[in-house]
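One structure below.
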Amino acid sequence: MSELINLSLTDQILGLANKSFSSREITEAYLNEIKKKESLNCFISVFEEESEEKVLIADENIAKNKARPLEGIPIAHKDIFCIKDKKTTCGSKMLSNFISPYSSEVFSKLDTAGAITIGKTNMDEFAMGSSNETSFYGNVLNPINEKFSPGGSSGGSAAAVRANLCSFATATDTGGSIRQPASFCGVTGIKPTYGRVSRWGMIAFASSLDQAGVIAKNAKDAAIALKYMSGFDQKDSTSLNEEVKDLQKEVDSDQEHIIGIPKELIENIKNDQVRDSFKNAISTLEKDGAKIEEINLPHIQYSLPAYYVIAPAECSANLARYDGIRFGHRSKSVSSLEDLYVNSRTEGFGKEVKNRIFIGTFCLSAGYYDAFYNKALKIRNLIKSDFDEAFKKVSSIAMPTCSDSSFELGSISDPVEMYEQDIYTIPANLAGLPALSIPSGTADEMPIGLQLIGNYLEEGRILNLANKFQKLTDFHEFK
Amino acid sequence: MKITEQDLKNISLLSKIKIDEETSNSLIKDLESILTMVNKMDEIDTSKINPLTHPIENTQTLRDDIETKDIEREKLQELSKEKDSGFYLTPKVIE
């Protein structure tokens with residue numbers, strides 16, 4: 001039944017409803033494929049036994065015509081989402097023994113919708129990284145070429161979807177962690193509006209930027225998955241109490257589009273293949289009826305520096321909770337309380353996480369707060385205003401997801417060069433806007449992505465535009 | 001932007017993370033290169049701009065004050081090896 005794993009989520013839902021195949025057949029096919037492709041290192045945990053119980057319920061519900069919307073669909077969660085009584089490591093030694101006492105809202109919603117969680121995907125430690133190389137569990141390999149990075153931090157989720165190891169996978173995006181790996185692995189990834197999906201039970205990195213989303217095979221599938229993850233949650237104080245639109249309907253509806261192109265940014269793209277592919281993608285959409293408008297985002301060039309103050313600052317505060325006392329790694333070589341804190345943290349965190357804590361600590365310390373943190377917050381305001389202004393005349397904004405295609409594992413050691421991976425993805429996080437990445441071509445034989453940014457709560461609009469593009473092109477098809 | 005040995009000591013103290021002497025040089029190099037990139041922010045005058053701490057207004061809504069069983073104390077404490085009678089244990093702090 002290996003062909004079942006090649007099907008899109010849309011076709012799997014249809015096939016299950018028509019009883020063309022069972023949830024058991026799809027689930028077993030995925031679990032076999034996960035074993036076969038173990039060397040990709042996509043998963044930190046695989047739930048074979050638990051899947052068995054869920055499959056019985058799913059197939060029974062389907063037989064009785066009582067199927068829930070995602071009944072019997074095997075999915076994977078990034079290992080940043082807590083699942084009750086399951087190990088949740090966040091890719092860190094610090095949480096290698098952490099069995100979550102509760103479930104994240106993202107897991108609960110998808111579980112309630114009938115999806116079967118077959119495993120938890122590998123990721124950069126605490127979602128800090130753009131290559132998956134900071135994971136305590138070793139890096140994930142890019143299924144397209146195993147010498148290359150799958151991107152990060154949701155590299156496990158992107159690679160798992162690309163390697164046909166699940167129907168879709170959840171992911172998170174603080175500065176590009178859904179869109180960059182989606183671009184590197186040739187899959188579709190969406191980060192919705194900040195507050196659209198609950199952060200309850202999602203391990204915090206930078207709370208004003210973190211947002212959960214999804215990586216799938218195409219825009220239609222992403223719309224279905226996102227629809228069942230979205231919604232107000234009282235347990236998340238930043239959750240938006242706004243109606244959840246029917247993204248499944250919206251993705252395929254007849255909509256007009258005005259696409260904003262930040263001309264200056266596009267002209268400065270250094271990689272010719274990335275620039276040409278971007279221009280081709282826009283011309284494809286224009287021929288299909290979309291209107292194209294030049295826009296100005298004058299402060300976007302300051303996104304990277306502002307982000308690398310704000311995110312580490314919030315990270316240094318959030319990760320202060322790992323004190324070795326209540327949960328997480330506890331050092332054995334301890335003679336005082338100070339030792340317990342220092343040794344547990346020094347042993348439990350990896351190099352990149354420590355670097356970000358150090359930067360954040362420095363930027364928030366006396367004498368530097370105004371020069372760094374406050375300055376970055378002011379720039380954040382300017383960037384948000386740029387977008388507000390642009391969205392007065394356009395319905396979405398397009399730019400490449402990344403400045404290049406994937407790079408060879410181990411080839412980037414300079415932290416700033418690695419941070420520059422996020423140069424086009426960070427602005428949407430700073431402004432809290434929804435943004436997605438869809439495959440739009442190749443550069444040096446590896447996929448590259450087209451990024452579409454939407455106005456607040458207009459996930460449906462960018463998914464609709466992405467779906468239009470995918471009807472006209474085949475870059476999203478796995479060949 | 002220069003990072004001194006003293007800066008490093010302060011950062012280590014505040015973040016409660018040890019910095020090895022062996023790695024301090026490469027760490028200084030990494031931090032300096034990150035802060036040099038960050039200093040690009042100085043190119044713009046932000047004196048009349050308000051800081052934006054959060055992308056969405058109307059945040060910090062509170063949940064209803066109803067008791068829930070989402071997280072049980074006993075279950076939470078199972079995560080710690082060092083506990084007694086509902087308390088967490090740490091090394092002695094009072095002489």
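Please note that chains go A, B, ... in the order of the structure tokens, that every chain numbers its residues from 1, and that ligands are numbered from 1 in the order shown.
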Near-Lys92 in chain B list (12 Å; only C-alpha atoms; drop same-chain fewer than 4 positions) as an MDAnalysis selection string
(chainID A and resid 334:340) or (chainID B and resid 88)
Report as a PyMOL selection string the set of chain B residues whose atoms approach chain A to within 8 Å, with distances computed over only C-alpha atoms.
chain B and resi 11-12+14-18+27+30-31+33-34+37-41+46+49-56+59-64+70-72+75-77+79-80+82+88-93
Exercise: Met1 in chain B partners within 7 Å, only C-alpha atoms, chain neighbours under 6 positions left out, as an MDAnalysis selection string:
chainID B and resid 32 35:36
Write out as number ranges by chain all residues of range 31-95 of chain B that DSSP puts in alpha helix (DSSP H) for this structure's backbone.
B: 31-38, 73-77
Between CA of Ser92 in chain A and CA of Gly138 in chain A, measure the distance and give it in Å to one decimal.
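So the answer is 10.3 Å.
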Could you give me, as a VMD selection string, each residue of range 92-314 of chain A that DSSP assigns to strand (DSSP E) when run on this structure's backbone?
chain A and resid 116 to 121 169 to 173 188 to 191 211 to 216 258 to 262 291 to 295
To one decimal place in Å, what is the distance between CA of Ala216 in chain A and CA of Ile258 in chain A?
25.1 Å
Select, from B:Ser85, B:Lys69, B:Glu74, B:Lys2, the residue with the minimum atom-to-atom distance to Ile28 in chain B, counting only C-alpha atoms.
B:Lys2
Tell me, as a VMD selection string, which residues lie within 6 Å of range 6-14 of chain A, counting only C-alpha atoms; anything in the same chain fewer than 2 positions away does not count.
chain A and resid 3 to 4 16 to 17 167 221
Might you pull out every residue within 12 Å of Ser253 in chain A, with only C-alpha atoms counted and same-chain residues fewer than 6 positions away left off, and present them as a list in words?
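My list of contacting residues is Lys220, Asp246, Leu247, Gly460, Arg461, Ile462, Leu463, Asn464, Leu465, Asn467 and Lys468 of chain A.
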Skip range 160-163 of chain A itself and residues of its chain fewer than 6 positions away, then list as an NGL selection string all residues within 10 Å of it, counting only C-alpha atoms.
:A and (5-6 or 33-34 or 37 or 40-43 or 75-76 or 121-122 or 140 or 142-144 or 150 or 169 or 182 or 185-188 or 215-217 or 476-478)
Find the spatial neighbours of Ile118 in chain A, counting only C-alpha atoms, within a cut-off of 9 Å - ignore same-chain residues fewer than 5 positions away - and output them as a VMD selection string.
chain A and resid 27 30 to 31 45 to 48 50 to 51 74 to 77 166
